[in-house]
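Student: Structure file run-v2.csv (CSV, C-alpha atoms) is given on the next line.
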```csv
chain,number,residue,atom,x,y,z
A,8,MET,CA,17.8,-9.6,-24.9
A,9,LYS,CA,19.4,-13.0,-24.0
A,10,LYS,CA,18.1,-15.5,-21.5
A,11,LEU,CA,19.9,-18.0,-19.4
A,12,PHE,CA,18.7,-21.0,-17.3
A,13,ILE,CA,20.1,-21.1,-13.8
A,14,ASN,CA,19.4,-23.0,-10.6
A,15,PRO,CA,17.4,-21.1,-8.0
A,16,PHE,CA,20.3,-21.2,-5.4
A,17,GLU,CA,22.3,-19.1,-7.9
A,18,LEU,CA,19.9,-16.2,-7.8
A,19,VAL,CA,21.1,-13.0,-6.3
A,20,PRO,CA,19.3,-9.7,-5.7
A,21,GLY,CA,19.2,-7.4,-8.8
A,22,MET,CA,18.7,-10.2,-11.3
A,23,LYS,CA,15.8,-9.9,-13.7
A,24,ILE,CA,13.4,-12.9,-14.2
A,25,ALA,CA,12.9,-13.9,-17.8
A,26,GLU,CA,9.7,-15.9,-17.4
A,27,THR,CA,6.5,-15.8,-15.5
A,28,ILE,CA,6.6,-18.2,-12.6
A,29,LEU,CA,3.4,-20.1,-11.6
A,30,ASN,CA,2.7,-22.3,-8.6
A,31,ASP,CA,0.9,-25.6,-8.6
A,32,TYR,CA,-2.5,-23.8,-8.6
A,33,GLY,CA,-1.6,-21.9,-11.8
A,34,ALA,CA,-1.4,-18.6,-9.8
A,35,ILE,CA,1.3,-16.1,-10.8
A,36,VAL,CA,4.0,-15.9,-8.1
A,37,ILE,CA,6.4,-13.6,-10.0
A,38,SER,CA,5.9,-12.0,-13.4
A,39,GLU,CA,8.5,-11.8,-16.2
A,40,GLY,CA,10.7,-8.8,-16.0
A,41,THR,CA,10.6,-8.6,-12.2
A,42,ILE,CA,13.8,-7.4,-10.5
A,43,LEU,CA,14.6,-9.9,-7.7
A,44,ASP,CA,15.3,-9.0,-4.0
A,45,ASP,CA,15.8,-11.3,-1.0
A,46,HIS,CA,12.1,-11.5,-0.4
A,47,LEU,CA,11.3,-12.6,-3.9
A,48,ILE,CA,14.2,-15.1,-4.0
A,49,ASN,CA,12.7,-16.7,-0.9
A,50,LYS,CA,9.4,-16.9,-2.6
A,51,LEU,CA,11.0,-18.8,-5.5
A,52,GLY,CA,12.9,-21.0,-3.1
A,53,ASN,CA,9.6,-22.1,-1.6
A,54,LEU,CA,8.4,-23.5,-5.0
A,55,GLY,CA,11.0,-26.2,-5.3
A,56,LEU,CA,12.1,-25.3,-8.8
A,57,TYR,CA,15.2,-26.9,-10.3
A,58,ARG,CA,15.8,-24.2,-12.9
A,59,LEU,CA,14.4,-20.9,-14.2
A,60,GLN,CA,15.3,-18.2,-16.7
A,61,ILE,CA,16.9,-14.8,-16.1
A,62,PHE,CA,17.9,-12.1,-18.5
A,63,VAL,CA,21.6,-11.7,-19.2
A,64,GLY,CA,23.9,-9.6,-21.5
A,65,ASP,CA,25.3,-6.1,-21.8
A,66,ASP,CA,21.8,-4.7,-22.6
A,67,VAL,CA,20.4,-5.9,-19.2
A,68,LYS,CA,20.6,-3.3,-16.5
A,69,VAL,CA,21.1,-4.9,-13.1
A,70,GLU,CA,19.2,-2.8,-10.6
A,71,ASN,CA,20.1,-2.2,-7.0
A,72,PRO,CA,17.5,-4.1,-5.0
A,73,ASP,CA,17.8,-1.6,-2.2
A,74,SER,CA,16.9,1.3,-4.4
A,75,PHE,CA,13.3,1.3,-3.4
A,76,THR,CA,14.1,1.4,0.3
A,77,GLU,CA,16.7,4.2,-0.3
A,78,SER,CA,14.2,6.2,-2.4
A,79,TYR,CA,11.4,5.6,0.2
A,80,ASN,CA,13.5,6.8,3.1
A,81,GLU,CA,14.4,9.9,1.1
A,82,SER,CA,10.7,10.6,0.5
A,83,VAL,CA,9.9,10.2,4.2
A,84,SER,CA,12.7,12.5,5.1
A,85,ASP,CA,11.6,15.1,2.6
A,86,TYR,CA,8.0,14.9,3.7
A,87,LYS,CA,9.2,15.3,7.3
A,88,LYS,CA,10.8,18.6,6.3
A,89,ILE,CA,7.6,19.8,4.7
A,90,ILE,CA,5.7,19.0,7.9
A,91,SER,CA,8.3,20.8,10.0
A,92,ASP,CA,8.1,23.9,7.8
A,93,ILE,CA,4.3,24.1,8.3
A,94,ALA,CA,4.6,23.5,12.1
A,95,ASN,CA,7.1,26.4,12.2
A,96,GLY,CA,4.9,28.7,10.3
A,97,VAL,CA,6.9,28.6,7.1
A,98,ASP,CA,4.9,28.7,3.8
A,99,LEU,CA,4.5,25.4,2.0
A,100,ASN,CA,7.2,25.0,-0.7
A,101,PRO,CA,5.6,23.5,-3.9
A,102,THR,CA,9.1,22.4,-5.1
A,103,LYS,CA,9.6,20.2,-2.1
A,104,ILE,CA,6.2,18.6,-2.7
A,105,ASP,CA,7.0,18.0,-6.3
A,106,ASN,CA,10.3,16.3,-5.4
A,107,VAL,CA,8.5,13.7,-3.2
A,108,VAL,CA,5.7,13.2,-5.8
A,109,ASN,CA,8.2,12.6,-8.6
A,110,SER,CA,10.2,10.2,-6.5
A,111,VAL,CA,7.0,8.1,-5.9
A,112,LEU,CA,6.0,8.3,-9.5
A,113,GLN,CA,9.4,6.8,-10.5
A,114,ARG,CA,8.0,3.5,-9.1
A,115,VAL,CA,4.9,3.5,-11.3
A,116,GLU,CA,6.3,1.3,-14.0
A,117,GLU,CA,8.5,-0.8,-11.7
A,118,LYS,CA,7.7,-4.5,-11.9
A,119,ARG,CA,8.8,-5.3,-8.4
A,120,ASP,CA,6.6,-6.0,-5.4
A,121,ILE,CA,5.9,-2.5,-4.0
A,122,VAL,CA,3.4,-3.9,-1.6
A,123,SER,CA,5.9,-6.4,-0.3
A,124,CYS,CA,8.5,-3.6,0.2
A,125,LEU,CA,5.9,-1.5,2.1
A,126,ASN,CA,5.2,-4.5,4.4
A,127,GLN,CA,8.9,-4.7,5.2
A,128,ILE,CA,9.2,-1.0,5.8
A,129,LYS,CA,6.3,-0.8,8.2
A,130,SER,CA,8.6,-1.3,11.2
A,131,ALA,CA,9.5,2.4,10.8
A,132,ASP,CA,8.5,4.2,14.0
A,133,GLU,CA,7.6,7.5,12.4
A,134,TYR,CA,4.1,6.6,11.5
A,135,THR,CA,2.9,10.2,10.8
A,136,TYR,CA,5.4,10.5,8.0
A,137,THR,CA,5.6,7.0,6.6
A,138,HIS,CA,1.8,6.7,6.5
A,139,SER,CA,1.5,9.6,4.1
A,140,VAL,CA,4.2,8.3,1.8
A,141,ASN,CA,2.6,4.8,1.9
A,142,VAL,CA,-0.8,6.2,1.1
A,143,SER,CA,0.7,8.0,-1.9
A,144,LEU,CA,2.2,4.8,-3.2
A,145,ILE,CA,-0.9,2.7,-2.6
A,146,SER,CA,-3.1,5.4,-4.2
A,147,MET,CA,-0.7,5.3,-7.2
A,148,LEU,CA,-1.2,1.6,-7.6
A,149,ILE,CA,-5.0,1.8,-7.4
A,150,GLY,CA,-4.9,4.6,-10.0
A,151,LYS,CA,-2.8,2.4,-12.3
A,152,TRP,CA,-5.1,-0.6,-11.8
A,153,MET,CA,-8.1,1.7,-12.7
A,154,LYS,CA,-6.3,2.7,-15.9
A,155,PHE,CA,-5.9,6.4,-15.0
A,156,GLU,CA,-4.0,8.6,-17.3
A,157,PRO,CA,-0.4,9.6,-16.1
A,158,GLU,CA,-1.4,13.1,-15.3
A,159,ARG,CA,-4.3,12.0,-13.1
A,160,ILE,CA,-2.1,9.4,-11.4
A,161,LYS,CA,0.3,12.3,-10.5
A,162,LEU,CA,-2.6,14.2,-8.9
A,163,LEU,CA,-3.5,11.0,-7.0
A,164,VAL,CA,0.0,10.6,-5.7
A,165,GLN,CA,0.0,14.3,-4.6
A,166,ALA,CA,-3.4,13.8,-2.9
A,167,GLY,CA,-2.2,10.7,-1.1
A,168,LEU,CA,0.9,12.4,0.1
A,169,LEU,CA,-0.9,15.5,1.4
A,170,HIS,CA,-4.2,13.9,2.6
A,171,ASP,CA,-3.2,14.2,6.3
A,172,ILE,CA,-1.2,17.4,6.2
A,173,GLY,CA,-3.9,19.2,8.3
A,174,LYS,CA,-2.8,17.1,11.3
A,175,THR,CA,0.1,19.4,11.7
A,176,LEU,CA,-2.5,21.8,13.3
A,177,VAL,CA,-4.0,19.1,15.6
A,178,PRO,CA,-2.5,19.2,19.1
A,179,LEU,CA,0.1,16.5,19.6
A,180,GLU,CA,-1.5,15.3,22.8
A,181,ILE,CA,-4.5,14.3,20.7
A,182,LEU,CA,-2.5,13.1,17.7
A,183,ASN,CA,-0.3,10.8,19.8
A,184,LYS,CA,-2.8,9.8,22.5
A,185,PRO,CA,-2.4,6.0,23.3
A,186,GLY,CA,-6.0,5.5,24.4
A,187,LYS,CA,-9.4,6.2,23.0
A,188,LEU,CA,-10.2,9.9,22.1
A,189,THR,CA,-12.9,11.7,24.0
A,190,GLN,CA,-15.8,13.2,22.1
A,191,LEU,CA,-14.2,16.6,22.2
A,192,GLU,CA,-10.8,15.3,21.2
A,193,PHE,CA,-12.3,13.3,18.2
A,194,ALA,CA,-14.2,16.4,17.1
A,195,GLU,CA,-10.8,18.3,17.0
A,196,MET,CA,-9.1,15.4,15.2
A,197,LYS,CA,-11.8,15.4,12.5
A,198,LYS,CA,-11.0,19.1,11.7
A,199,HIS,CA,-7.7,17.9,10.1
A,200,THR,CA,-9.4,17.6,6.7
A,201,VAL,CA,-10.5,21.3,6.8
A,202,TYR,CA,-7.1,22.4,8.2
A,203,GLY,CA,-5.4,20.6,5.3
A,204,TYR,CA,-7.7,22.2,2.8
A,205,ARG,CA,-6.9,25.7,4.3
A,206,ILE,CA,-3.2,25.1,4.2
A,207,LEU,CA,-3.2,23.9,0.6
A,208,GLU,CA,-5.6,26.4,-0.9
A,209,LYS,CA,-3.0,29.1,-0.5
A,210,VAL,CA,-0.7,27.2,-2.8
A,211,PRO,CA,-1.5,28.1,-6.5
A,212,SER,CA,0.0,25.0,-7.9
A,213,ILE,CA,-2.3,22.6,-6.0
A,214,SER,CA,-5.2,21.5,-8.2
A,215,LYS,CA,-8.8,21.6,-7.2
A,216,ASP,CA,-8.9,17.8,-7.4
A,217,VAL,CA,-6.1,17.5,-4.9
A,218,LEU,CA,-7.8,20.1,-2.6
A,219,ALA,CA,-11.1,18.1,-2.8
A,220,ALA,CA,-9.3,14.8,-2.0
A,221,VAL,CA,-7.7,16.3,1.1
A,222,LEU,CA,-11.0,17.7,2.2
A,223,MET,CA,-13.1,14.7,1.4
A,224,HIS,CA,-11.0,11.6,2.1
A,225,HIS,CA,-13.2,10.8,5.2
A,226,GLU,CA,-16.5,11.2,3.4
A,227,LYS,CA,-18.6,8.1,3.0
A,228,GLU,CA,-20.8,6.9,0.0
A,229,ASP,CA,-23.9,7.0,2.3
A,230,GLY,CA,-23.2,10.5,3.5
A,231,THR,CA,-22.2,9.5,7.1
A,232,GLY,CA,-18.6,10.8,6.8
A,233,TYR,CA,-17.0,14.1,7.5
A,234,PRO,CA,-16.5,17.1,7.3
A,235,THR,CA,-19.6,17.9,5.2
A,236,GLY,CA,-21.6,14.6,5.0
A,237,LEU,CA,-21.5,14.5,1.2
A,238,GLY,CA,-22.2,11.2,-0.5
A,239,GLY,CA,-22.1,9.3,-3.8
A,240,ASP,CA,-21.1,11.2,-6.9
A,241,LYS,CA,-20.6,14.4,-4.8
A,242,ILE,CA,-17.4,12.9,-3.4
A,243,ASN,CA,-14.3,13.5,-5.6
A,244,MET,CA,-13.0,10.2,-7.1
A,245,LEU,CA,-9.4,10.9,-5.9
A,246,ALA,CA,-10.8,11.2,-2.4
A,247,LYS,CA,-12.5,7.8,-2.8
A,248,ILE,CA,-9.2,6.2,-3.8
A,249,VAL,CA,-7.2,7.9,-1.1
A,250,SER,CA,-9.8,6.8,1.5
A,251,VAL,CA,-9.2,3.1,0.6
A,252,ALA,CA,-5.4,3.5,0.6
A,253,ASP,CA,-5.6,5.3,3.9
A,254,ILE,CA,-7.7,2.6,5.6
A,255,TYR,CA,-5.5,-0.2,4.3
A,256,ASP,CA,-2.2,1.4,5.4
A,257,ALA,CA,-3.5,2.6,8.8
A,258,MET,CA,-4.9,-0.9,9.7
A,259,THR,CA,-1.7,-2.8,8.6
A,260,SER,CA,0.6,-0.5,10.5
A,261,ASN,CA,1.6,-0.4,14.1
A,262,ARG,CA,0.4,2.8,15.8
A,263,VAL,CA,0.7,4.3,19.3
A,264,TYR,CA,-2.7,3.0,20.3
A,265,LYS,CA,-3.2,-0.2,18.2
A,266,ASP,CA,-1.1,-3.0,16.9
A,267,LYS,CA,-1.2,-3.7,13.2
A,268,GLU,CA,-3.6,-6.3,11.7
A,269,SER,CA,-2.7,-8.8,8.9
A,270,PRO,CA,-3.5,-7.7,5.4
A,271,PHE,CA,-6.1,-10.5,5.1
A,272,GLU,CA,-7.9,-9.3,8.2
A,273,VAL,CA,-8.1,-5.9,6.6
A,274,PHE,CA,-9.3,-7.4,3.3
A,275,GLN,CA,-12.1,-9.2,5.2
A,276,LEU,CA,-13.1,-6.0,7.0
A,277,ILE,CA,-13.2,-4.1,3.7
A,278,GLU,CA,-15.2,-6.9,2.0
A,279,GLU,CA,-17.7,-7.0,4.9
A,280,ASN,CA,-18.1,-3.3,5.8
A,281,SER,CA,-17.4,-1.3,2.7
A,282,ILE,CA,-20.9,-1.5,1.3
A,283,GLY,CA,-22.5,2.0,1.6
A,284,THR,CA,-19.2,3.6,2.8
A,285,LEU,CA,-16.5,3.0,0.3
A,286,ASN,CA,-16.8,3.2,-3.5
A,287,PRO,CA,-17.4,-0.3,-4.9
A,288,ILE,CA,-15.4,0.3,-8.1
A,289,VAL,CA,-12.3,1.4,-6.1
A,290,VAL,CA,-12.7,-1.4,-3.6
A,291,ASN,CA,-13.0,-4.0,-6.4
A,292,ALA,CA,-9.9,-2.6,-8.2
A,293,PHE,CA,-8.0,-2.6,-5.0
A,294,LEU,CA,-8.9,-6.0,-3.6
A,295,SER,CA,-8.8,-7.9,-6.9
A,296,ASN,CA,-5.2,-6.7,-7.6
A,297,ILE,CA,-3.5,-6.3,-4.2
A,298,ALA,CA,-4.2,-9.7,-2.9
A,299,ALA,CA,-2.3,-11.3,-5.7
A,300,TYR,CA,0.9,-9.7,-4.3
A,301,TYR,CA,0.8,-12.2,-1.4
A,302,ILE,CA,0.8,-15.4,-3.4
A,303,GLY,CA,3.9,-17.3,-2.4
A,304,ASP,CA,4.3,-15.5,0.9
A,305,LYS,CA,4.8,-17.4,4.2
A,306,VAL,CA,2.1,-16.8,6.8
A,307,LYS,CA,1.6,-17.6,10.5
A,308,LEU,CA,-1.9,-18.9,11.3
A,309,ALA,CA,-3.8,-18.2,14.5
A,310,SER,CA,-3.1,-21.9,15.4
A,311,GLY,CA,0.6,-21.2,15.3
A,312,GLU,CA,1.1,-23.2,12.1
A,313,ILE,CA,3.3,-21.8,9.3
A,314,GLY,CA,1.9,-22.0,5.8
A,315,GLU,CA,2.2,-20.6,2.3
A,316,ILE,CA,-0.5,-18.7,0.3
A,317,VAL,CA,-0.9,-20.6,-2.9
A,318,TYR,CA,-4.2,-19.3,-4.3
A,319,ILE,CA,-6.4,-16.2,-4.0
A,320,ASN,CA,-10.1,-16.8,-4.3
A,321,PRO,CA,-11.4,-14.0,-6.7
A,322,ARG,CA,-14.8,-14.2,-5.1
A,323,CYS,CA,-13.5,-13.6,-1.6
A,324,VAL,CA,-9.8,-12.4,-1.5
A,325,SER,CA,-9.7,-12.5,2.3
A,326,LYS,CA,-10.1,-16.3,2.2
A,327,PRO,CA,-7.1,-17.7,0.3
A,328,ILE,CA,-5.9,-21.3,0.0
A,329,VAL,CA,-3.0,-21.9,2.3
A,330,LYS,CA,-0.6,-24.8,2.1
A,331,VAL,CA,0.6,-26.2,5.5
A,332,ASP,CA,3.1,-29.0,5.1
A,333,ASP,CA,1.4,-31.4,2.7
A,334,LYS,CA,-2.2,-30.3,3.3
A,335,TYR,CA,-4.2,-27.5,1.5
A,336,ILE,CA,-6.5,-25.4,3.6
A,337,ASP,CA,-9.3,-23.5,1.8
A,338,MET,CA,-10.2,-20.7,4.2
A,339,LEU,CA,-13.5,-20.1,2.4
A,340,THR,CA,-14.8,-23.5,3.7
A,341,GLU,CA,-12.6,-23.8,6.8
A,342,LYS,CA,-13.9,-20.7,8.4
A,343,ASP,CA,-12.1,-21.1,11.8
A,344,VAL,CA,-8.7,-20.7,10.1
A,345,LYS,CA,-7.2,-17.2,10.5
A,346,ILE,CA,-4.1,-15.6,9.1
A,347,LYS,CA,-2.3,-14.0,12.0
A,348,GLU,CA,0.6,-12.4,10.1
A,349,ILE,CA,2.7,-12.4,7.0
A,350,ILE,CA,6.2,-13.6,7.8
```
Represent the supplied structure as structure tokens.
Tutor:
Amino acid sequence: MKKLFINPFELVPGMKIAETILNDYGAIVISEGTILDDHLINKLGNLGLYRLQIFVGDDVKVENPDSFTESYNESVSDYKKIISDIANGVDLNPTKIDNVVNSVLQRVEEKRDIVSCLNQIKSADEYTYTHSVNVSLISMLIGKWMKFEPERIKLLVQAGLLHDIGKTLVPLEILNKPGKLTQLEFAEMKKHTVYGYRILEKVPSISKDVLAAVLMHHEKEDGTGYPTGLGGDKINMLAKIVSVADIYDAMTSNRVYKDKESPFEVFQLIEENSIGTLNPIVVNAFLSNIAAYYIGDKVKLASGEIGEIVYINPRCVSKPIVKVDDKYIDMLTEKDVKIKEII
């Protein structure tokens, strides 16, 4: 496969990078083999490079940088039809589920920034549907980072997609309530895990692991979760992964009753509050891998200043080093600095 040096201003979406690009801190910004889109080209532009290598030649397949978004939107649309069927009393169609699962799985070997794409797509206003597709994608990433076998990753994608399917039986006035739920309303909301289990147990092709994940994704390591109060090893591992993916996507999304938080605020919350509630192996795999996706991204600080994430501290991923103009801010030592949003 041939390589060619070009100037960064000549980059166009769909080109494939032929070298791993590091920043001044030695952190990987973009890995070799990554297919470029506008977001990644902007990242490269921030580095001030004067040349870099791309793959060229007849054997290089130029990919459509919009293919992820197109595939994602199709998955959301297909999942919406699945939910509509259930709401209208139509039996769940396993083929429709498989179609969405297989569409998500097509991205498992893709060397592009899935997390970045998800962040851009979060403006979608159909949270109920986009959330389930997002959780399936994030669960897939965690499974990959944990070195799961392909068949188990497929089950994980299915579990992530279907984890909230029981909410189709929760009254809409509770599901879409803009304010805080009453005690009775919250008790009804919590039933969605059991509702989901009951819907899916009638489908022979749904595995016991997926059923367990749907039922248990709100259980906690210390036994304080629901619906059964199970803890530790009694909670299915797929459920533990879906739980982390669920929390991350829910907190970084706009919802009817709450504005989204920045990924680094969510990382901090998980670091500080996951002990005893979330599985530490899953949390470590998630945090140690996902934070690296944000290296090279522009951020807005609470002060209003615009900076760039240049380094992720492996001991505390929620406190990166941010470059603002010519100064470097280590958030681990400058504790008053907060990242307001990724821009």
Student: In Å, rounded to a single decimal, give me how far CA of Ser281 in chain A is from CA of Gly173 in chain A.
Tutor: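 Separating CA of Gly173 in chain A from CA of Ser281 in chain A is a distance of 25.2 Å.
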Student: Given all atoms listed in the file as the basis, pick out the residue of A:Cys323, A:Ile248, A:Ile313, A:Leu99 nearest to Lys347 in chain A.
Tutor: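 Under the stated criterion, the closest residue is A:Ile313.
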Student: Can you find the residues with an atom no farther than 8 Å from (4.7, -25.2, 4.0), counting only C-alpha atoms, and report them as a list in words?
Tutor: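 The residues that fall inside the cut-off are Lys305, Ile313, Gly314, Glu315, Lys330, Val331, Asp332 and Asp333 of chain A.
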Student: Applying 8 Å and all atoms listed in the file, which residues near range 287-304 of chain A remain after dropping the ones on its own chain fewer than 2 positions away? List them as JSON, numbers by chain.
Tutor: {"A": [34, 35, 36, 50, 51, 53, 120, 122, 123, 149, 152, 153, 247, 248, 251, 274, 277, 281, 282, 285, 306, 315, 316, 317, 318, 319, 321, 324, 349, 350]}
Student: What is the distance between CA of Glu195 in chain A and CA of Ile181 in chain A, in Å to one decimal?
Tutor: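 Interatomic distance, CA of Glu195 in chain A to CA of Ile181 in chain A: 8.3 Å.
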Student: Just want the 7 Å neighbourhood of range 80-88 of chain A, counted on only C-alpha atoms, with same-chain residues fewer than 3 positions away dropped. Output as an NGL selection string.
Tutor: :A and (76-77 or 91-92 or 107 or 136-137 or 140)
Student: Which residue gives the smallest distance to Val210 in chain A among A:Val344, A:Ile254, A:Val164, A:Ile104, with only C-alpha atoms counted?
Tutor: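 Ranked by minimum distance to Val210 in chain A, first place goes to A:Ile104.
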Student: With distances taken over all atoms listed in the file, which of A:Lys265, A:Lys161, A:His138, A:Lys197 is nearest to Val217 in chain A?
Tutor: A:Lys161
Student: Report as a PyMOL selection string all protein, DNA and RNA residues lying within 9 Å of Pro178 in chain A, evaluated on all atoms listed in the file, omitting residues in the same chain fewer than 4 positions from it.
Tutor: chain A and resi 174+182-183+195-196
Student: Between A:Leu176, A:Met8, A:Met338, A:Leu168, which one has atoms that come closest to Asn109 in chain A, using all atoms listed in the file?
Tutor: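 Smallest separation from Asn109 in chain A among the options: A:Leu168.
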Student: Could you put an axis-aligned box around every listed atom of range 226-240 of chain A, padded by 8 Å on each side, and send me its centre and edge lengths in Å to one decimal, as lines of an AutoDock Vina configuration file?
Tutor:
```
center_x = -20.2
center_y = 12.4
center_z = 0.3
size_x = 23.4
size_y = 27.0
size_z = 30.4
```
Student: For Val177 in chain A, list every protein, DNA or RNA residue within 12 Å, evaluated using all atoms listed in the file, and leave out those in the same chain fewer than 5 positions away; present the list as a ChimeraX atom specification.
Tutor: /A:94,171-172,182-184,192-203
Student: Using all atoms listed in the file, which protein or nucleic acid residues come within 8 Å of range 113-115 of chain A? Drop anything in the same chain fewer than 5 positions from it, and give the result as a ChimeraX atom specification.
Tutor: /A:147-148,151
Student: A:Arg262, A:His225, A:Lys307, A:Arg205: which is nearest Ile93 in chain A, counting only C-alpha atoms?
Tutor: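 For Ile93 in chain A, the nearest of the given residues is A:Arg205.
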Student: What does the distance between CA of Lys345 in chain A and CA of Tyr32 in chain A come to in Å, to one decimal place?
Tutor: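 Calculated distance between CA of Lys345 in chain A and CA of Tyr32 in chain A is 20.7 Å.
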Student: Just checking: using only C-alpha atoms, which residue out of A:Leu162, A:Ile336, A:Ile90, A:Leu54 ends up closest to Ser212 in chain A?
Tutor: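 Of all the options, A:Leu162 lies closest to Ser212 in chain A.
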